[in-house]
Each structure stands twice: as C-alpha cells, then as structure tokens.
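Coordinates as given in run_12.cif (mmCIF, C-alpha atoms and all ligand atoms):
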data_coords
#
loop_
_atom_site.group_PDB
_atom_site.id
_atom_site.type_symbol
_atom_site.label_atom_id
_atom_site.label_comp_id
_atom_site.auth_asym_id
_atom_site.auth_seq_id
_atom_site.Cartn_x
_atom_site.Cartn_y
_atom_site.Cartn_z
ATOM 1 C CA MET B 17 -8.561 -23.331 -7.918
ATOM 2 C CA SER B 18 -6.443 -23.314 -4.784
ATOM 3 C CA LEU B 19 -3.232 -21.322 -5.303
ATOM 4 C CA LYS B 20 0.210 -21.751 -3.746
ATOM 5 C CA ILE B 21 1.123 -18.223 -2.715
ATOM 6 C CA GLY B 22 4.527 -17.194 -1.378
ATOM 7 C CA ILE B 23 4.529 -13.928 0.571
ATOM 8 C CA VAL B 24 7.688 -11.793 0.647
ATOM 9 C CA GLY B 25 7.517 -9.414 3.630
ATOM 10 C CA PHE B 26 5.347 -10.815 6.414
ATOM 11 C CA GLY B 27 4.757 -7.539 8.282
ATOM 12 C CA SER B 28 1.395 -6.152 9.251
ATOM 13 C CA PHE B 29 -0.103 -5.951 5.749
ATOM 14 C CA GLY B 30 1.266 -9.327 4.615
ATOM 15 C CA GLN B 31 -0.276 -10.967 7.693
ATOM 16 C CA PHE B 32 -3.573 -9.169 7.113
ATOM 17 C CA LEU B 33 -3.843 -10.462 3.511
ATOM 18 C CA ALA B 34 -2.687 -13.955 4.514
ATOM 19 C CA LYS B 35 -5.626 -14.455 6.911
ATOM 20 C CA THR B 36 -8.240 -14.086 4.148
ATOM 21 C CA MET B 37 -6.214 -16.164 1.681
ATOM 22 C CA ILE B 38 -5.979 -19.017 4.197
ATOM 23 C CA LYS B 39 -9.706 -18.731 4.895
ATOM 24 C CA GLN B 40 -10.290 -19.150 1.146
ATOM 25 C CA GLY B 41 -8.269 -22.389 1.115
ATOM 26 C CA HIS B 42 -5.051 -21.236 -0.553
ATOM 27 C CA THR B 43 -1.685 -22.660 0.537
ATOM 28 C CA LEU B 44 0.622 -20.006 1.922
ATOM 29 C CA ARG B 45 4.329 -19.767 2.556
ATOM 30 C CA ALA B 46 6.306 -16.731 3.633
ATOM 31 C CA THR B 47 9.747 -15.220 3.930
ATOM 32 C CA SER B 48 10.746 -11.975 5.633
ATOM 33 C CA ARG B 49 13.652 -10.061 7.134
ATOM 34 C CA THR B 50 12.305 -10.826 10.629
ATOM 35 C CA ASP B 51 11.888 -14.424 11.763
ATOM 36 C CA TYR B 52 8.122 -15.084 11.787
ATOM 37 C CA SER B 53 8.497 -18.885 12.145
ATOM 38 C CA GLN B 54 6.366 -19.091 15.275
ATOM 39 C CA LEU B 55 3.536 -16.866 14.058
ATOM 40 C CA CYS B 56 3.528 -18.675 10.707
ATOM 41 C CA HIS B 57 3.420 -22.031 12.468
ATOM 42 C CA GLN B 58 0.333 -20.889 14.406
ATOM 43 C CA MET B 59 -1.293 -19.727 11.163
ATOM 44 C CA GLY B 60 -0.481 -22.933 9.273
ATOM 45 C CA ILE B 61 2.016 -21.228 6.969
ATOM 46 C CA GLN B 62 5.451 -22.570 6.084
ATOM 47 C CA PHE B 63 8.098 -19.945 6.902
ATOM 48 C CA PHE B 64 11.424 -19.893 5.041
ATOM 49 C CA ARG B 65 14.457 -18.150 6.488
ATOM 50 C CA ASP B 66 16.289 -19.025 3.275
ATOM 51 C CA VAL B 67 15.007 -17.021 0.286
ATOM 52 C CA ALA B 68 16.429 -19.490 -2.253
ATOM 53 C CA GLU B 69 14.465 -22.348 -0.659
ATOM 54 C CA PHE B 70 11.380 -20.137 -0.584
ATOM 55 C CA LEU B 71 11.696 -19.484 -4.328
ATOM 56 C CA GLU B 72 12.151 -23.192 -5.021
ATOM 57 C CA ALA B 73 8.929 -24.061 -3.162
ATOM 58 C CA ASP B 74 6.891 -24.225 -6.375
ATOM 59 C CA ASN B 75 4.748 -21.111 -5.885
ATOM 60 C CA HIS B 76 2.053 -20.152 -8.396
ATOM 61 C CA VAL B 77 2.242 -16.600 -7.108
ATOM 62 C CA ILE B 78 4.945 -14.598 -5.337
ATOM 63 C CA LEU B 79 3.197 -11.807 -3.456
ATOM 64 C CA ILE B 80 5.461 -8.906 -2.566
ATOM 65 C CA CYS B 81 4.378 -7.124 0.632
ATOM 66 C CA THR B 82 7.624 -5.402 1.661
ATOM 67 C CA SER B 83 7.853 -1.698 2.440
ATOM 68 C CA ILE B 84 8.122 0.694 -0.497
ATOM 69 C CA LEU B 85 11.553 1.827 0.693
ATOM 70 C CA SER B 86 13.020 -1.691 0.942
ATOM 71 C CA LEU B 87 11.645 -3.092 -2.321
ATOM 72 C CA SER B 88 14.749 -2.497 -4.388
ATOM 73 C CA LYS B 89 17.042 -4.051 -1.785
ATOM 74 C CA VAL B 90 14.726 -7.013 -1.207
ATOM 75 C CA LEU B 91 14.301 -7.771 -4.914
ATOM 76 C CA THR B 92 17.929 -7.410 -5.877
ATOM 77 C CA SER B 93 19.004 -9.678 -3.026
ATOM 78 C CA MET B 94 16.711 -12.506 -4.245
ATOM 79 C CA PRO B 95 18.270 -15.226 -6.433
ATOM 80 C CA LEU B 96 15.591 -14.846 -9.098
ATOM 81 C CA THR B 97 17.138 -16.860 -11.921
ATOM 82 C CA PRO B 98 16.537 -19.574 -12.636
ATOM 83 C CA LEU B 99 13.024 -19.989 -11.198
ATOM 84 C CA LYS B 100 11.755 -23.542 -11.463
ATOM 85 C CA THR B 101 8.475 -22.593 -13.124
ATOM 86 C CA PRO B 102 7.120 -19.409 -14.696
ATOM 87 C CA THR B 103 5.607 -17.568 -11.761
ATOM 88 C CA LEU B 104 3.196 -14.691 -11.385
ATOM 89 C CA PHE B 105 4.753 -11.864 -9.366
ATOM 90 C CA VAL B 106 2.251 -9.575 -7.679
ATOM 91 C CA ASP B 107 3.055 -6.521 -5.580
ATOM 92 C CA VAL B 108 0.728 -4.643 -3.233
ATOM 93 C CA LEU B 109 2.801 -1.499 -2.700
ATOM 94 C CA SER B 110 0.937 1.770 -2.186
ATOM 95 C CA VAL B 111 2.803 3.338 -5.119
ATOM 96 C CA LYS B 112 2.691 1.678 -8.503
ATOM 97 C CA GLU B 113 5.183 3.019 -11.073
ATOM 98 C CA HIS B 114 8.153 2.250 -8.824
ATOM 99 C CA PRO B 115 7.453 -1.504 -8.351
ATOM 100 C CA ARG B 116 6.377 -1.839 -12.001
ATOM 101 C CA ASP B 117 9.707 -0.424 -13.206
ATOM 102 C CA LEU B 118 11.759 -2.479 -10.749
ATOM 103 C CA LEU B 119 9.926 -5.741 -11.445
ATOM 104 C CA LEU B 120 10.298 -5.268 -15.200
ATOM 105 C CA ARG B 121 13.999 -4.659 -14.662
ATOM 106 C CA VAL B 122 14.916 -7.508 -12.298
ATOM 107 C CA LEU B 123 12.524 -10.373 -13.064
ATOM 108 C CA PRO B 124 13.249 -13.064 -15.605
ATOM 109 C CA GLU B 125 11.399 -12.479 -18.895
ATOM 110 C CA GLU B 126 9.248 -15.598 -18.361
ATOM 111 C CA SER B 127 7.707 -14.250 -15.124
ATOM 112 C CA ASP B 128 4.322 -12.536 -15.311
ATOM 113 C CA ILE B 129 3.760 -9.247 -13.449
ATOM 114 C CA LEU B 130 0.586 -7.933 -11.838
ATOM 115 C CA CYS B 131 0.864 -4.606 -10.005
ATOM 116 C CA THR B 132 -1.889 -4.055 -7.464
ATOM 117 C CA HIS B 133 -2.951 -1.752 -4.647
ATOM 118 C CA PRO B 134 -5.656 -2.804 -2.240
ATOM 119 C CA MET B 135 -7.032 0.605 -1.176
ATOM 120 C CA PHE B 136 -7.600 -0.639 2.371
ATOM 121 C CA GLY B 137 -5.658 -2.041 5.284
ATOM 122 C CA PRO B 138 -5.927 -3.790 8.638
ATOM 123 C CA ASP B 139 -8.088 -0.939 10.004
ATOM 124 C CA SER B 140 -10.503 -0.240 7.159
ATOM 125 C CA GLY B 141 -10.687 -3.917 6.151
ATOM 126 C CA LYS B 142 -11.052 -5.440 9.608
ATOM 127 C CA ASP B 143 -14.752 -6.258 9.130
ATOM 128 C CA GLY B 144 -14.374 -7.624 5.595
ATOM 129 C CA TRP B 145 -13.425 -6.286 2.170
ATOM 130 C CA LYS B 146 -16.896 -5.772 0.705
ATOM 131 C CA ASP B 147 -17.110 -2.618 -1.460
ATOM 132 C CA LEU B 148 -13.456 -1.734 -0.767
ATOM 133 C CA THR B 149 -11.472 -0.827 -3.881
ATOM 134 C CA PHE B 150 -8.792 -3.065 -5.371
ATOM 135 C CA VAL B 151 -6.674 -1.401 -8.084
ATOM 136 C CA TYR B 152 -4.637 -3.515 -10.502
ATOM 137 C CA ASP B 153 -2.586 -3.220 -13.674
ATOM 138 C CA LYS B 154 -1.792 -6.300 -15.776
ATOM 139 C CA VAL B 155 1.764 -5.233 -16.591
ATOM 140 C CA ARG B 156 2.906 -8.501 -18.229
ATOM 141 C CA ILE B 157 0.415 -11.349 -18.163
ATOM 142 C CA ARG B 158 0.590 -14.437 -20.350
ATOM 143 C CA ASP B 159 -0.993 -16.966 -17.990
ATOM 144 C CA GLU B 160 -4.439 -15.370 -17.790
ATOM 145 C CA ALA B 161 -5.802 -18.291 -15.752
ATOM 146 C CA ILE B 162 -3.432 -17.831 -12.779
ATOM 147 C CA CYS B 163 -3.861 -14.058 -12.904
ATOM 148 C CA SER B 164 -7.641 -14.247 -12.885
ATOM 149 C CA ASN B 165 -7.524 -16.861 -10.110
ATOM 150 C CA PHE B 166 -5.478 -14.450 -8.031
ATOM 151 C CA LEU B 167 -7.792 -11.493 -8.749
ATOM 152 C CA GLN B 168 -10.711 -13.712 -7.748
ATOM 153 C CA ILE B 169 -9.381 -13.700 -4.153
ATOM 154 C CA PHE B 170 -10.395 -10.046 -3.907
ATOM 155 C CA ALA B 171 -13.405 -10.130 -6.240
ATOM 156 C CA SER B 172 -14.976 -12.977 -4.263
ATOM 157 C CA GLU B 173 -14.696 -10.944 -1.029
ATOM 158 C CA GLY B 174 -16.788 -8.236 -2.726
ATOM 159 C CA CYS B 175 -13.989 -5.772 -3.555
ATOM 160 C CA ARG B 176 -14.635 -3.123 -6.191
ATOM 161 C CA MET B 177 -12.166 -4.262 -8.856
ATOM 162 C CA LEU B 178 -10.600 -1.362 -10.760
ATOM 163 C CA GLN B 179 -8.158 -1.900 -13.622
ATOM 164 C CA MET B 180 -5.978 1.186 -14.039
ATOM 165 C CA SER B 181 -2.493 2.053 -15.308
ATOM 166 C CA CYS B 182 0.248 2.458 -12.700
ATOM 167 C CA GLU B 183 0.708 6.070 -13.824
ATOM 168 C CA GLU B 184 -2.970 6.926 -13.401
ATOM 169 C CA HIS B 185 -2.958 5.267 -9.969
ATOM 170 C CA ASP B 186 0.026 7.330 -8.811
ATOM 171 C CA LYS B 187 -1.515 10.591 -10.065
ATOM 172 C CA LEU B 188 -4.765 9.918 -8.213
ATOM 173 C CA ALA B 189 -3.100 8.498 -5.078
ATOM 174 C CA ALA B 190 -0.909 11.621 -4.757
ATOM 175 C CA LYS B 191 -4.069 13.742 -4.735
ATOM 176 C CA SER B 192 -5.969 11.484 -2.338
ATOM 177 C CA GLN B 193 -4.039 9.003 -0.177
ATOM 178 C CA PHE B 194 -0.844 11.066 0.109
ATOM 179 C CA ILE B 195 -2.811 14.210 1.058
ATOM 180 C CA THR B 196 -4.837 12.199 3.603
ATOM 181 C CA HIS B 197 -1.670 10.871 5.255
ATOM 182 C CA THR B 198 0.013 14.298 5.135
ATOM 183 C CA ILE B 199 -2.923 15.949 6.902
ATOM 184 C CA GLY B 200 -3.009 13.088 9.427
ATOM 185 C CA ARG B 201 0.723 13.492 10.141
ATOM 186 C CA THR B 202 0.317 17.275 10.369
ATOM 187 C CA LEU B 203 -2.484 16.857 12.905
ATOM 188 C CA ALA B 204 -0.168 14.554 14.876
ATOM 189 C CA GLU B 205 2.495 17.295 14.846
ATOM 190 C CA LEU B 206 -0.196 19.665 16.194
ATOM 191 C CA ASP B 207 -0.775 17.020 18.896
ATOM 192 C CA ILE B 208 -4.560 17.267 18.560
ATOM 193 C CA LYS B 209 -6.496 15.430 21.253
ATOM 194 C CA SER B 210 -10.123 14.766 22.013
ATOM 195 C CA THR B 211 -11.746 17.483 24.188
ATOM 196 C CA PRO B 212 -15.005 17.475 26.206
ATOM 197 C CA ILE B 213 -16.577 19.678 23.496
ATOM 198 C CA ASP B 214 -15.604 17.790 20.330
ATOM 199 C CA THR B 215 -17.691 18.420 17.236
ATOM 200 C CA LYS B 216 -18.263 15.511 14.839
ATOM 201 C CA GLY B 217 -15.825 17.178 12.449
ATOM 202 C CA PHE B 218 -13.106 17.304 15.096
ATOM 203 C CA GLN B 219 -13.710 13.678 16.059
ATOM 204 C CA THR B 220 -13.127 12.814 12.391
ATOM 205 C CA LEU B 221 -9.786 14.653 12.519
ATOM 206 C CA VAL B 222 -8.705 12.840 15.707
ATOM 207 C CA GLN B 223 -9.661 9.566 14.027
ATOM 208 C CA LEU B 224 -7.667 10.539 10.912
ATOM 209 C CA LYS B 225 -4.614 11.343 13.039
ATOM 210 C CA GLU B 226 -4.881 7.971 14.765
ATOM 211 C CA THR B 227 -5.355 5.831 11.648
ATOM 212 C CA THR B 228 -2.647 7.508 9.583
ATOM 213 C CA THR B 229 -0.017 7.388 12.324
ATOM 214 C CA ARG B 230 -0.748 3.690 12.896
ATOM 215 C CA ASP B 231 0.918 3.062 9.510
ATOM 216 C CA SER B 232 4.718 3.072 9.621
ATOM 217 C CA PHE B 233 6.681 6.208 8.748
ATOM 218 C CA ASP B 234 8.419 4.025 6.128
ATOM 219 C CA LEU B 235 5.064 3.607 4.431
ATOM 220 C CA TYR B 236 4.239 7.315 4.576
ATOM 221 C CA SER B 237 7.629 8.488 3.336
ATOM 222 C CA GLY B 238 7.478 5.865 0.556
ATOM 223 C CA LEU B 239 4.260 7.497 -0.679
ATOM 224 C CA PHE B 240 6.295 10.675 -1.162
ATOM 225 C CA ILE B 241 9.705 9.429 -2.240
ATOM 226 C CA HIS B 242 8.517 6.927 -4.842
ATOM 227 C CA ASN B 243 5.499 8.731 -6.285
ATOM 228 C CA ARG B 244 6.726 11.374 -8.730
ATOM 229 C CA PHE B 245 3.391 13.231 -8.470
ATOM 230 C CA ALA B 246 3.506 13.701 -4.668
ATOM 231 C CA VAL B 247 5.921 16.651 -4.526
ATOM 232 C CA GLN B 248 3.520 18.820 -6.568
ATOM 233 C CA GLU B 249 0.625 17.915 -4.271
ATOM 234 C CA LEU B 250 2.664 18.851 -1.207
ATOM 235 C CA GLU B 251 3.369 22.243 -2.778
ATOM 236 C CA ASN B 252 -0.327 22.643 -3.649
ATOM 237 C CA LEU B 253 -1.217 21.917 -0.015
ATOM 238 C CA GLU B 254 1.234 24.522 1.279
ATOM 239 C CA ARG B 255 -0.081 27.082 -1.183
ATOM 240 C CA ALA B 256 -3.672 26.282 -0.227
ATOM 241 C CA LEU B 257 -2.910 26.910 3.483
ATOM 242 C CA GLN B 258 -1.203 30.157 2.515
ATOM 243 C CA ARG B 259 -4.270 31.255 0.502
ATOM 244 C CA VAL B 260 -6.601 30.452 3.402
ATOM 245 C CA LYS B 261 -4.397 32.552 5.716
ATOM 246 C CA GLU B 262 -4.506 35.427 3.221
ATOM 247 C CA MET B 263 -8.295 35.196 2.900
ATOM 248 C CA LEU B 264 -8.606 35.419 6.697
ATOM 249 C CA ALA B 265 -6.174 38.321 6.937
ATOM 250 C CA GLN B 266 -8.018 40.192 4.210
ATOM 251 C CA ARG B 267 -11.425 39.645 5.846
ATOM 252 C CA MET B 268 -10.025 40.678 9.247
ATOM 253 C CA ASN B 269 -8.732 43.885 7.712
ATOM 254 C CA GLU B 270 -12.111 44.556 6.104
ATOM 255 C CA GLU B 271 -14.066 43.823 9.288
ATOM 256 C CA LEU B 272 -11.837 45.645 11.715
ATOM 257 C CA GLY B 273 -11.361 48.453 9.217
ATOM 258 C CA THR B 274 -15.205 48.823 8.959
ATOM 259 C CA GLU B 275 -15.619 48.719 12.747
ATOM 260 C CA ASN B 276 -13.026 51.453 13.176
ATOM 261 C CA THR B 277 -14.628 53.871 10.713
HETATM 262 P P1 LIG R 301 5.575 -1.207 5.857
HETATM 263 O O1 LIG R 301 6.299 -0.551 6.949
HETATM 264 O O2 LIG R 301 5.301 -0.425 4.630
HETATM 265 O O3 LIG R 301 6.330 -2.561 5.439
HETATM 266 C C1 LIG R 301 6.695 -3.529 6.381
HETATM 267 C C2 LIG R 301 7.252 -4.707 5.648
HETATM 268 O O4 LIG R 301 8.465 -4.355 4.957
HETATM 269 C C3 LIG R 301 7.620 -5.839 6.600
HETATM 270 O O5 LIG R 301 7.308 -7.064 5.979
HETATM 271 C C4 LIG R 301 9.125 -5.682 6.774
HETATM 272 O O6 LIG R 301 9.755 -6.894 7.021
HETATM 273 C C5 LIG R 301 9.538 -5.204 5.401
HETATM 274 N N1 LIG R 301 10.773 -4.411 5.458
HETATM 275 C C6 LIG R 301 10.919 -3.142 5.898
HETATM 276 N N2 LIG R 301 12.200 -2.730 5.787
HETATM 277 C C7 LIG R 301 12.895 -3.785 5.282
HETATM 278 C C8 LIG R 301 14.254 -3.992 4.936
HETATM 279 N N3 LIG R 301 15.173 -3.027 5.092
HETATM 280 N N4 LIG R 301 14.598 -5.187 4.411
HETATM 281 C C9 LIG R 301 13.688 -6.173 4.247
HETATM 282 N N5 LIG R 301 12.371 -6.032 4.552
HETATM 283 C C10 LIG R 301 11.980 -4.852 5.048
HETATM 284 O O7 LIG R 301 4.177 -1.728 6.507
HETATM 285 P P2 LIG R 301 2.961 -2.605 5.976
HETATM 286 O O8 LIG R 301 1.751 -1.905 6.450
HETATM 287 O O9 LIG R 301 3.172 -4.016 6.394
HETATM 288 O O10 LIG R 301 2.973 -2.488 4.377
HETATM 289 C C11 LIG R 301 3.559 -3.458 3.549
HETATM 290 C C12 LIG R 301 3.337 -3.058 2.082
HETATM 291 O O11 LIG R 301 1.931 -3.049 1.797
HETATM 292 C C13 LIG R 301 3.845 -1.654 1.765
HETATM 293 O O12 LIG R 301 4.457 -1.654 0.506
HETATM 294 C C14 LIG R 301 2.578 -0.807 1.738
HETATM 295 O O13 LIG R 301 2.704 0.295 0.879
HETATM 296 C C15 LIG R 301 1.563 -1.816 1.234
HETATM 297 N N6 LIG R 301 0.183 -1.546 1.629
HETATM 298 C C16 LIG R 301 -0.096 -1.328 2.961
HETATM 299 C C17 LIG R 301 -1.393 -1.066 3.338
HETATM 300 C C18 LIG R 301 -1.743 -0.811 4.790
HETATM 301 O O14 LIG R 301 -2.866 -0.428 5.071
HETATM 302 N N7 LIG R 301 -0.865 -1.007 5.723
HETATM 303 C C19 LIG R 301 -2.429 -1.023 2.372
HETATM 304 C C20 LIG R 301 -2.113 -1.286 1.044
HETATM 305 C C21 LIG R 301 -0.803 -1.540 0.682
HETATM 306 P P3 LIG R 301 9.866 -7.486 8.523
HETATM 307 O O15 LIG R 301 8.463 -7.484 9.064
HETATM 308 O O16 LIG R 301 10.407 -8.867 8.269
HETATM 309 O O17 LIG R 301 10.776 -6.597 9.291
#
Translate this structure into structure tokens?
Amino acid sequence: MSLKIGIVGFGSFGQFLAKTMIKQGHTLRATSRTDYSQLCHQMGIQFFRDVAEFLEADNHVILICTSILSLSKVLTSMPLTPLKTPTLFVDVLSVKEHPRDLLLRVLPEESDILCTHPMFGPDSGKDGWKDLTFVYDKVRIRDEAICSNFLQIFASEGCRMLQMSCEEHDKLAAKSQFITHTIGRTLAELDIKSTPIDTKGFQTLVQLKETTTRDSFDLYSGLFIHNRFAVQELENLERALQRVKEMLAQRMNEELGTENT
C-alpha cells in the first residue's frame, strides 16, 4: 500500500530517507524550519511552510527527522490537537528514550507511536540499505496495518529489522555509536591527517574522523545530552585511556630499569 508520509525536519537525514520512499511510490510532504520549497518541488514533494496546514494534509504517517536537541521545541510548537485522523507518529532520532517520553507526553491519545533508529545514514547507506540494521520499538500501536506498511519500507530494502526496547537501544548505542563518534571527534581534535606511510589501521582512523565530523555537532551532542547511559561510557573511556597510559609507564619503568641494572 502506498503511504502518505509527512516529514518534519527536512535536513540531510530527512532528505536521504525521502529519496527511497519516493522511489517506492509513497506520497511525501514535508515541513521544516528552513524553507525547502524549491528542493521539494524538484523532488516532487509538497512543502508546507505552515505546520497547521501540514498536519491537516491527511498523512498516514508523520515522520519526525528533526535534530535531537530541537525535538522538544518542534513538537511543542505543533498544533497537535485536534488531528483530523488518527495518525502514526514515527521518529528516527539517534536516541530513543527521549523521543518516546516526549511523544507519549505531547501526542493525542489516539495517535500511534513507533520509535525507530535506522543505524545508517547518507554515507553508510549511499549504495542501498541491504543488511543495514533498522531498530524499532512499537511504543503504542493500535493500527498494526499502517505500522507494518511503514516497517515494510525498510524491510523491503533488505534492512536487518531489529525490535528492541528504547532503553535497551540507548544502553547499547552509548557503548557503540556514542563511543565511535567520541573517538572520531577526538581524532579531529588531534587533527590527524593522511601521511605518505599510512597503515591500513591509520587509514581507518582518518576515515572515522571524516565520517563522524560530517554529522552535525547538534547530532553528536544530542547523543550525549539525551542518552542517560552516555555519561558513564565517557567516564569509562577516560579511565581506559588512563589505564593504557599506566600500563605503558609501568612497562617503560621495567624495561629501562632492567637496561640500567
Ligand atoms: P541534525 O543536525 O541532527 O538535524 C537536522 C534537522 O533538525 C534539520 O531538519 C533541521 O531543520 C532540524 N533542526 C535543527 N535545529 C532546529 C531548530 N532549532 N528548530 C527546528 N528544527 C531544527 O542532522 P540530520 O543528520 O539531518 O539528523 C536528523 C535526525 O535523524 C536526528 O535526530 C538524528 O539523530 C537522526 N539520524 C541521523 C542519522 C544520520 O546518519 N545523519 C542516522 C540516523 C538517525 P532545518 O533543516 O529546517 O534547519
């Protein structure tokens, strides 16, 4: 079934998702802080400057693609009641407890809620979504048909579909995605650059620096500010670096001590 999908937040990730949805034959509309009328026109998408008109456009699905940091402001500034029809709200934020809690708080009771995180982006998904992971949590679903139609968008592209609670997602993402981005940002602070004698390992680090800094700092700081498990992982990382330094200092003492005797 072809869905009418309204995207809130037509930045880089919203545009990236829209391309595949259009290819699949869904009807898209969008609204955003920035005026994307021209780009939307080129893509065959109706763009609404007025959020109220956007909400009245009879969407099956409202897909929230705003930054983590702006979600609260964006949602609370939307005239959400009354919606013409019960609608499925889906978010794609890279943290999950925060949007779940906000959506449960601000949406009308008759709206369904699906919290999702595609574990890929415009870089990693540029050649297709096959075997890339799509995490979702059916937070409040009564219209199973619309929800499964929406999930089919990703399943039919070959994504690895993984149902998981928002809490479990945030625990795992703090240990994986947040650490990845933190190391990437740290390498950027070190200003690492390709050299004529790069090892494969170093090339991987340069690549990591480049891909992580291509995402906005809003996105990165959102991974920290709105994931309650991230602060512990940051401390673990600091402690791990400290332990590595101590191991080196100890071995240096042993080696140089041995040499000197
Ligand atoms: P982002 O910097 O996280 O978000 C940019 C989007 O947020 C734009 O649509 C922007 O609107 C909107 N926005 C930012 N500040 C705003 C404000 N004060 N008021 C209203 N709107 C505001 O970059 P992104 O890569 O496009 O990510 C969008 C969402 O997808 C994020 O929640 C992110 O966690 C999630 N996500 C991203 C990826 C990825 O690989 N990039 C992967 C999975 C999930 P305008 O463009 O109109 O200014």
Which value, in Å to one decimal, gives the distance between atom CA of Arg230 of chain B and atom C17 of ligand LIG 301 (chain R)?
10.7 Å
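The residue set within 12 Å of segment 246-254 of chain B, counting only C-alpha atoms and dropping same-chain residues fewer than 4 places from it, reads Val111, His185, Asp186, Lys187, Leu188, Ala189, Ala190, Lys191, Ser192, Gln193, Phe194, Ile195, Thr196, His197, Thr198, Ile199, Thr202, Tyr236, Ser237, Gly238, Leu239, Phe240, Ile241, His242, Gln258, Arg259, Val260 and Lys261 of chain B.
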Taking all atoms listed in the file into account, list the residues no farther than 6 Å from ligand LIG 301 (chain R), as a VMD selection string.
chain B and resid 25 to 30 48 to 50 81 to 84 86 90 108 to 110 133 to 138 231 to 232 234 to 235
All residues 7 Å or closer to Ile61 of chain B, only C-alpha atoms, same chain fewer than 5 positions away omitted, as an MDAnalysis selection string:
chainID B and resid 44:45 56
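The closest residue to Ser88 of chain B, picked from B:Lys154, B:Lys209, B:His76, B:Arg121 and counting only C-alpha atoms, is B:Arg121.
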Which residues, written as a VMD selection string, have at least one atom at most 12 Å from Glu184 of chain B, with all atoms listed in the file counted and residues fewer than 6 positions away on the same chain left out?
chain B and resid 111 to 113 151 to 153 178 190 to 191 243 to 245
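Between atom CA of Leu272 of chain B and atom CA of Ala256 of chain B the interatomic distance comes to 24.2 Å.
Of note, atom CA of Asp143 of chain B and atom CA of Asp207 of chain B are spaced 28.9 Å apart.
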Pick out the residues sitting within 10 Å of Ile208 of chain B, and hand them over as a PyMOL selection string; count all atoms listed in the file, and ignore anything fewer than 2 positions along from it in its own chain.
chain B and resi 202-206+210-211+218+221-222+225
In terms of the shortest atom-to-atom distance over only C-alpha atoms, which of B:Cys163, B:Ile169, B:Val122, B:Ala46 is closest to Gln31 of chain B?
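Smallest separation from Gln31 of chain B among the options: B:Ala46.
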Which one is closest to Cys182 of chain B: B:Thr215, B:Ser140, B:Gln223, B:Thr132? Count all atoms listed in the file.
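Among the listed residues, the smallest separation from Cys182 of chain B belongs to B:Thr132.
In this comparison, which uses only C-alpha atoms, the residue of B:Asp139, B:Glu72, B:Glu125, B:Asp159 approaching Leu224 of chain B most closely is B:Asp139.
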What residues come out when you apply the PyMOL selection byres (((chain B and resi 129) around 10) and not hetatm) to this file, written as a list in words?
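Written out, the selection comes to Val77, Ile78, Thr103, Leu104, Phe105, Val106, Asp107, Pro115, Arg116, Leu119, Leu120, Leu123, Glu125, Glu126, Ser127, Asp128, Leu130, Cys131, Thr132, Asp153, Lys154, Val155, Arg156, Ile157, Arg158 and Cys163 of chain B.
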Now that the selection is made, can you save its residues with C-alpha atoms as a compact mmCIF listing (two decimals), in the coordinates of the input?
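Final file, part11.txt:
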# COMPACT_ATOMS: atom_id res chain seq x y z
CA VAL B 77 2.24 -16.60 -7.11
CA ILE B 78 4.94 -14.60 -5.34
CA THR B 103 5.61 -17.57 -11.76
CA LEU B 104 3.20 -14.69 -11.38
CA PHE B 105 4.75 -11.86 -9.37
CA VAL B 106 2.25 -9.57 -7.68
CA ASP B 107 3.06 -6.52 -5.58
CA PRO B 115 7.45 -1.50 -8.35
CA ARG B 116 6.38 -1.84 -12.00
CA LEU B 119 9.93 -5.74 -11.44
CA LEU B 120 10.30 -5.27 -15.20
CA LEU B 123 12.52 -10.37 -13.06
CA GLU B 125 11.40 -12.48 -18.90
CA GLU B 126 9.25 -15.60 -18.36
CA SER B 127 7.71 -14.25 -15.12
CA ASP B 128 4.32 -12.54 -15.31
CA LEU B 130 0.59 -7.93 -11.84
CA CYS B 131 0.86 -4.61 -10.01
CA THR B 132 -1.89 -4.06 -7.46
CA ASP B 153 -2.59 -3.22 -13.67
CA LYS B 154 -1.79 -6.30 -15.78
CA VAL B 155 1.76 -5.23 -16.59
CA ARG B 156 2.91 -8.50 -18.23
CA ILE B 157 0.42 -11.35 -18.16
CA ARG B 158 0.59 -14.44 -20.35
CA CYS B 163 -3.86 -14.06 -12.90
Selected residue of minimal separation from Thr43 of chain B among B:Met177, B:Val24, B:Leu19, B:Leu257, counting all atoms listed in the file:
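Smallest separation from Thr43 of chain B among the options: B:Leu19.
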